[in-house]
$ cat entry23.cif   # mmCIF, N, CA and C atoms
data_upload
loop_
_atom_site.label_atom_id
_atom_site.label_comp_id
_atom_site.auth_asym_id
_atom_site.auth_seq_id
_atom_site.Cartn_x
_atom_site.Cartn_y
_atom_site.Cartn_z
N MET A 1 138.61 154.96 86.53
CA MET A 1 138.76 153.53 86.70
C MET A 1 139.46 153.30 88.03
N LEU A 2 138.88 152.45 88.86
CA LEU A 2 139.45 152.12 90.16
C LEU A 2 139.84 150.66 90.18
N ALA A 3 141.10 150.37 90.48
CA ALA A 3 141.54 148.98 90.58
C ALA A 3 140.90 148.35 91.81
N GLU A 4 140.67 147.07 91.72
CA GLU A 4 140.15 146.30 92.84
C GLU A 4 141.34 145.53 93.41
N PRO A 5 141.99 146.03 94.48
CA PRO A 5 143.23 145.43 94.95
C PRO A 5 143.12 143.97 95.37
N ASP A 6 141.97 143.55 95.86
CA ASP A 6 141.82 142.16 96.29
C ASP A 6 141.33 141.26 95.16
N ARG A 7 141.17 141.80 93.95
CA ARG A 7 140.70 141.04 92.80
C ARG A 7 141.58 141.35 91.61
N PRO A 8 142.71 140.62 91.45
CA PRO A 8 143.60 140.89 90.31
C PRO A 8 142.85 140.77 88.98
N GLY A 9 143.13 141.68 88.07
CA GLY A 9 142.46 141.66 86.77
C GLY A 9 141.07 142.25 86.80
N ALA A 10 140.72 142.93 87.89
CA ALA A 10 139.38 143.51 88.00
C ALA A 10 139.51 145.01 88.21
N PHE A 11 138.55 145.75 87.69
CA PHE A 11 138.50 147.17 87.96
C PHE A 11 137.05 147.63 87.94
N ARG A 12 136.81 148.71 88.65
CA ARG A 12 135.47 149.27 88.76
C ARG A 12 135.48 150.66 88.13
N ARG A 13 134.43 150.95 87.40
CA ARG A 13 134.26 152.28 86.81
C ARG A 13 132.86 152.77 87.11
N GLU A 14 132.69 154.07 87.03
CA GLU A 14 131.36 154.66 87.14
C GLU A 14 131.19 155.60 85.97
N ASN A 15 130.02 155.53 85.34
CA ASN A 15 129.78 156.41 84.20
C ASN A 15 128.76 157.48 84.53
N GLY A 16 128.53 157.73 85.81
CA GLY A 16 127.57 158.74 86.20
C GLY A 16 126.20 158.17 86.51
N ARG A 17 125.89 157.03 85.92
CA ARG A 17 124.58 156.41 86.14
C ARG A 17 124.70 155.10 86.91
N VAL A 18 125.67 154.30 86.53
CA VAL A 18 125.84 152.99 87.15
C VAL A 18 127.31 152.75 87.45
N SER A 19 127.54 151.81 88.32
CA SER A 19 128.89 151.35 88.62
C SER A 19 129.04 149.98 88.01
N TYR A 20 130.17 149.74 87.33
CA TYR A 20 130.36 148.41 86.78
C TYR A 20 131.77 147.91 87.04
N LEU A 21 131.87 146.59 87.11
CA LEU A 21 133.12 145.91 87.39
C LEU A 21 133.36 144.90 86.28
N VAL A 22 134.55 144.94 85.69
CA VAL A 22 134.95 143.95 84.69
C VAL A 22 136.06 143.12 85.32
N GLU A 23 135.90 141.79 85.28
CA GLU A 23 136.93 140.93 85.84
C GLU A 23 137.04 139.64 85.06
N ASP A 24 138.24 139.08 85.10
CA ASP A 24 138.52 137.81 84.44
C ASP A 24 138.10 136.68 85.37
N ASP A 25 137.42 135.68 84.81
CA ASP A 25 137.09 134.45 85.53
C ASP A 25 137.79 133.32 84.78
N PRO A 26 139.08 133.07 85.09
CA PRO A 26 139.84 132.08 84.32
C PRO A 26 139.26 130.68 84.40
N ALA A 27 138.59 130.33 85.48
CA ALA A 27 137.99 128.99 85.59
C ALA A 27 136.91 128.79 84.53
N ARG A 28 136.19 129.86 84.22
CA ARG A 28 135.15 129.79 83.19
C ARG A 28 135.65 130.26 81.83
N ARG A 29 136.88 130.73 81.80
CA ARG A 29 137.49 131.25 80.57
C ARG A 29 136.65 132.36 79.96
N ARG A 30 136.40 133.37 80.78
CA ARG A 30 135.63 134.52 80.29
C ARG A 30 135.87 135.72 81.19
N PHE A 31 135.71 136.89 80.58
CA PHE A 31 135.65 138.13 81.33
C PHE A 31 134.17 138.41 81.57
N GLU A 32 133.86 138.87 82.77
CA GLU A 32 132.47 139.17 83.12
C GLU A 32 132.35 140.64 83.46
N ILE A 33 131.15 141.18 83.25
CA ILE A 33 130.86 142.54 83.68
C ILE A 33 129.69 142.48 84.65
N LEU A 34 129.91 143.12 85.79
CA LEU A 34 128.87 143.25 86.81
C LEU A 34 128.42 144.70 86.81
N VAL A 35 127.12 144.93 86.71
CA VAL A 35 126.56 146.27 86.75
C VAL A 35 125.79 146.37 88.05
N ASP A 36 126.20 147.32 88.88
CA ASP A 36 125.61 147.44 90.21
C ASP A 36 125.52 146.08 90.89
N ASP A 37 126.60 145.30 90.78
CA ASP A 37 126.78 143.98 91.40
C ASP A 37 125.95 142.86 90.80
N ALA A 38 125.29 143.08 89.67
CA ALA A 38 124.54 142.02 88.97
C ALA A 38 125.30 141.62 87.71
N LEU A 39 125.41 140.31 87.45
CA LEU A 39 126.07 139.85 86.22
C LEU A 39 125.28 140.34 85.02
N ALA A 40 125.93 141.13 84.17
CA ALA A 40 125.26 141.73 83.02
C ALA A 40 125.73 141.14 81.70
N GLY A 41 126.88 140.48 81.68
CA GLY A 41 127.36 139.91 80.43
C GLY A 41 128.73 139.30 80.59
N PHE A 42 129.19 138.68 79.50
CA PHE A 42 130.52 138.06 79.50
C PHE A 42 131.05 137.99 78.09
N THR A 43 132.36 137.86 77.98
CA THR A 43 133.01 137.59 76.71
C THR A 43 133.94 136.39 76.93
N ALA A 44 133.68 135.32 76.19
CA ALA A 44 134.37 134.04 76.38
C ALA A 44 135.64 133.98 75.54
N TYR A 45 136.62 133.25 76.04
CA TYR A 45 137.88 133.10 75.33
C TYR A 45 138.45 131.69 75.51
N ARG A 46 139.36 131.35 74.59
CA ARG A 46 140.18 130.14 74.70
C ARG A 46 141.63 130.60 74.77
N PRO A 47 142.35 130.20 75.81
CA PRO A 47 143.77 130.57 75.85
C PRO A 47 144.58 129.76 74.84
N ARG A 48 145.54 130.42 74.21
CA ARG A 48 146.48 129.75 73.30
C ARG A 48 147.87 130.13 73.78
N GLY A 49 148.52 129.18 74.42
CA GLY A 49 149.82 129.49 74.99
C GLY A 49 149.67 130.43 76.17
N ALA A 50 150.77 131.06 76.52
CA ALA A 50 150.77 131.93 77.69
C ALA A 50 150.31 133.35 77.39
N ASP A 51 150.29 133.74 76.11
CA ASP A 51 150.07 135.15 75.84
C ASP A 51 149.08 135.46 74.71
N VAL A 52 148.22 134.51 74.36
CA VAL A 52 147.19 134.77 73.34
C VAL A 52 145.84 134.28 73.86
N LEU A 53 144.83 135.13 73.75
CA LEU A 53 143.45 134.76 74.07
C LEU A 53 142.63 134.85 72.80
N VAL A 54 141.95 133.76 72.45
CA VAL A 54 141.06 133.73 71.30
C VAL A 54 139.66 134.00 71.82
N PHE A 55 139.12 135.18 71.52
CA PHE A 55 137.78 135.54 71.99
C PHE A 55 136.75 134.99 71.01
N THR A 56 135.80 134.23 71.53
CA THR A 56 134.86 133.48 70.69
C THR A 56 133.43 133.97 70.74
N HIS A 57 133.03 134.63 71.82
CA HIS A 57 131.61 134.98 71.95
C HIS A 57 131.45 136.06 73.02
N THR A 58 130.57 137.01 72.76
CA THR A 58 130.21 138.03 73.75
C THR A 58 128.71 138.02 73.90
N GLU A 59 128.25 138.07 75.13
CA GLU A 59 126.81 138.04 75.40
C GLU A 59 126.47 139.03 76.50
N VAL A 60 125.41 139.80 76.28
CA VAL A 60 124.92 140.75 77.28
C VAL A 60 123.47 140.40 77.59
N ASP A 61 123.15 140.36 78.87
CA ASP A 61 121.78 140.09 79.31
C ASP A 61 120.85 141.12 78.67
N PRO A 62 119.69 140.67 78.14
CA PRO A 62 118.77 141.60 77.48
C PRO A 62 118.39 142.81 78.34
N ALA A 63 118.36 142.65 79.64
CA ALA A 63 117.99 143.77 80.52
C ALA A 63 119.02 144.90 80.48
N PHE A 64 120.23 144.60 80.01
CA PHE A 64 121.30 145.60 80.01
C PHE A 64 121.69 146.06 78.61
N ARG A 65 121.02 145.55 77.59
CA ARG A 65 121.37 145.92 76.21
C ARG A 65 121.01 147.37 75.92
N GLY A 66 121.79 147.98 75.05
CA GLY A 66 121.53 149.36 74.64
C GLY A 66 122.07 150.40 75.60
N ALA A 67 122.78 149.97 76.63
CA ALA A 67 123.31 150.91 77.62
C ALA A 67 124.84 150.99 77.58
N GLY A 68 125.46 150.40 76.56
CA GLY A 68 126.91 150.45 76.45
C GLY A 68 127.64 149.40 77.26
N VAL A 69 126.90 148.44 77.81
CA VAL A 69 127.51 147.41 78.65
C VAL A 69 128.45 146.53 77.84
N GLY A 70 128.05 146.13 76.64
CA GLY A 70 128.90 145.29 75.81
C GLY A 70 130.21 145.97 75.48
N GLU A 71 130.14 147.24 75.12
CA GLU A 71 131.37 147.98 74.82
C GLU A 71 132.24 148.13 76.05
N ALA A 72 131.63 148.38 77.21
CA ALA A 72 132.41 148.50 78.45
C ALA A 72 133.09 147.17 78.77
N LEU A 73 132.39 146.08 78.55
CA LEU A 73 132.95 144.75 78.79
C LEU A 73 134.16 144.48 77.90
N VAL A 74 133.99 144.70 76.61
CA VAL A 74 135.08 144.44 75.66
C VAL A 74 136.26 145.38 75.92
N ARG A 75 135.98 146.63 76.18
CA ARG A 75 137.05 147.59 76.49
C ARG A 75 137.82 147.12 77.74
N GLY A 76 137.09 146.71 78.76
CA GLY A 76 137.74 146.24 79.99
C GLY A 76 138.58 145.01 79.76
N ALA A 77 138.06 144.06 78.98
CA ALA A 77 138.82 142.84 78.68
C ALA A 77 140.10 143.19 77.91
N LEU A 78 139.98 144.05 76.91
CA LEU A 78 141.15 144.42 76.11
C LEU A 78 142.17 145.21 76.93
N ASP A 79 141.68 146.07 77.82
CA ASP A 79 142.60 146.80 78.69
C ASP A 79 143.39 145.84 79.58
N GLU A 80 142.73 144.80 80.08
CA GLU A 80 143.42 143.81 80.91
C GLU A 80 144.40 142.99 80.08
N VAL A 81 144.03 142.64 78.86
CA VAL A 81 144.95 141.92 77.97
C VAL A 81 146.20 142.77 77.74
N ARG A 82 146.02 144.05 77.49
CA ARG A 82 147.16 144.95 77.29
C ARG A 82 148.03 145.01 78.55
N ARG A 83 147.40 145.12 79.71
CA ARG A 83 148.14 145.20 80.96
C ARG A 83 149.02 143.95 81.16
N ARG A 84 148.52 142.81 80.73
CA ARG A 84 149.26 141.55 80.86
C ARG A 84 150.34 141.37 79.80
N GLY A 85 150.33 142.22 78.77
CA GLY A 85 151.28 142.06 77.67
C GLY A 85 150.90 140.93 76.74
N ALA A 86 149.62 140.59 76.70
CA ALA A 86 149.13 139.48 75.87
C ALA A 86 148.57 140.02 74.56
N ARG A 87 148.07 139.10 73.71
CA ARG A 87 147.48 139.44 72.41
C ARG A 87 146.14 138.76 72.29
N VAL A 88 145.36 139.15 71.29
CA VAL A 88 144.03 138.57 71.08
C VAL A 88 143.83 138.13 69.64
N VAL A 89 142.96 137.15 69.48
CA VAL A 89 142.40 136.78 68.18
C VAL A 89 140.90 137.00 68.34
N PRO A 90 140.34 138.03 67.69
CA PRO A 90 138.93 138.36 67.87
C PRO A 90 138.01 137.56 66.94
N ARG A 91 137.75 136.31 67.26
CA ARG A 91 136.82 135.49 66.48
C ARG A 91 135.37 135.93 66.71
N CYS A 92 135.12 136.55 67.85
CA CYS A 92 133.78 137.06 68.17
C CYS A 92 133.51 138.29 67.30
N PRO A 93 132.42 138.30 66.53
CA PRO A 93 132.12 139.44 65.67
C PRO A 93 131.96 140.76 66.43
N PHE A 94 131.39 140.71 67.62
CA PHE A 94 131.20 141.93 68.40
C PHE A 94 132.56 142.53 68.78
N MET A 95 133.47 141.68 69.26
CA MET A 95 134.79 142.17 69.63
C MET A 95 135.56 142.66 68.40
N ALA A 96 135.47 141.94 67.30
CA ALA A 96 136.16 142.36 66.07
C ALA A 96 135.66 143.72 65.61
N ALA A 97 134.35 143.94 65.67
CA ALA A 97 133.78 145.23 65.27
C ALA A 97 134.22 146.34 66.22
N PHE A 98 134.29 146.04 67.51
CA PHE A 98 134.76 147.03 68.48
C PHE A 98 136.18 147.46 68.15
N ILE A 99 137.05 146.50 67.88
CA ILE A 99 138.45 146.82 67.55
C ILE A 99 138.52 147.62 66.26
N ASP A 100 137.69 147.30 65.28
CA ASP A 100 137.65 148.08 64.03
C ASP A 100 137.27 149.53 64.31
N ARG A 101 136.34 149.75 65.23
CA ARG A 101 135.88 151.11 65.56
C ARG A 101 136.85 151.84 66.49
N HIS A 102 137.72 151.10 67.16
CA HIS A 102 138.66 151.68 68.13
C HIS A 102 140.07 151.21 67.78
N PRO A 103 140.69 151.83 66.78
CA PRO A 103 141.98 151.35 66.28
C PRO A 103 143.10 151.40 67.32
N GLY A 104 142.91 152.05 68.43
CA GLY A 104 143.90 152.04 69.49
C GLY A 104 144.12 150.66 70.09
N TYR A 105 143.21 149.74 69.80
CA TYR A 105 143.35 148.36 70.28
C TYR A 105 143.89 147.42 69.20
N ALA A 106 144.08 147.90 67.99
CA ALA A 106 144.49 147.04 66.87
C ALA A 106 145.85 146.38 67.12
N ASP A 107 146.71 147.02 67.89
CA ASP A 107 148.03 146.44 68.16
C ASP A 107 147.95 145.17 69.01
N LEU A 108 146.82 144.90 69.63
CA LEU A 108 146.66 143.69 70.43
C LEU A 108 146.32 142.47 69.59
N VAL A 109 145.92 142.69 68.34
CA VAL A 109 145.45 141.60 67.49
C VAL A 109 146.63 140.86 66.88
N THR A 110 146.58 139.55 66.96
CA THR A 110 147.56 138.70 66.31
C THR A 110 146.83 137.87 65.25
N ALA A 111 147.51 137.56 64.18
CA ALA A 111 146.87 136.90 63.05
C ALA A 111 146.65 135.42 63.26
N THR A 112 147.33 134.82 64.19
CA THR A 112 147.22 133.38 64.36
C THR A 112 146.70 133.03 65.74
N ASP A 113 145.89 131.98 65.79
CA ASP A 113 145.40 131.52 67.09
C ASP A 113 145.97 130.17 67.46
N GLY A 114 146.86 129.64 66.64
CA GLY A 114 147.51 128.38 66.96
C GLY A 114 146.65 127.16 66.78
N SER A 115 145.45 127.31 66.18
CA SER A 115 144.60 126.13 66.00
C SER A 115 144.61 125.66 64.56
#
$ encode --input "entry23.cif" --output "structure tokens"
Amino acid sequence: MLAEPDRPGAFRRENGRVSYLVEDDPARRRFEILVDDALAGFTAYRPRGADVLVFTHTEVDPAFRGAGVGEALVRGALDEVRRRGARVVPRCPFMAAFIDRHPGYADLVTATDGS
């Protein structure tokens, strides 16, 4: 994982086949994943206070499905949430299932979203 110094909250990884970048777009309230510089998907959130993100939806472009892009996106978003010291409410079924399969992220989950 390589940090992108001029893009806070962004990092680039390579898995041997492709290079991808996960970054937060706070104006759109979503984390995006770029694969070889093309937008491949996003996971949308609603902020609750200063330290909780309610994730509502994850979408991957059909051209990138089946290649692990969704998992890379969610992993990147959760890694950034952890770096910030924030918590998540995984309303998105894809993100909730990812956290169930990867219990190392369970400590980021909070039971309330403030709504």
$ residues_around --input "entry23.cif" --residues "region 34-48 of chain A" --least-positions-apart "5" --cutoff "9 Å" --atoms "only C-alpha atoms" --output "number ranges by chain"
A: 18-23, 28-29, 53-65, 69-70, 73-74, 77, 92, 95, 113-115
$ select_by_dssp --input "entry23.cif" --residues "region 29-72 of chain A" --states "alpha helix (DSSP H)" --output "list in words"
Val69, Gly70, Glu71 and Ala72 of chain A
$ select_by_dssp --input "entry23.cif" --residues "chain A" --states "strand (DSSP E)" --output "ChimeraX atom specification"
/A:2-3,11-14,19-25,30-35,38-48,52-60,87-90
$ atom_distance --input "entry23.cif" --atom1 "atom C of Arg84 (chain A)" --atom2 "CA of Asp51 (chain A)"
7.4 Å
$ residues_around --input "entry23.cif" --residues "Leu78 (chain A)" --least-positions-apart "4" --cutoff "9 Å" --atoms "only C-alpha atoms" --output "list in words"
Leu73, Val74, Arg82, Arg83, Arg87, Val88, Tyr105 and Leu108 of chain A
$ atom_distance --input "entry23.cif" --atom1 "CA of Ala111 (chain A)" --atom2 "CA of Gly68 (chain A)"
27.6 Å
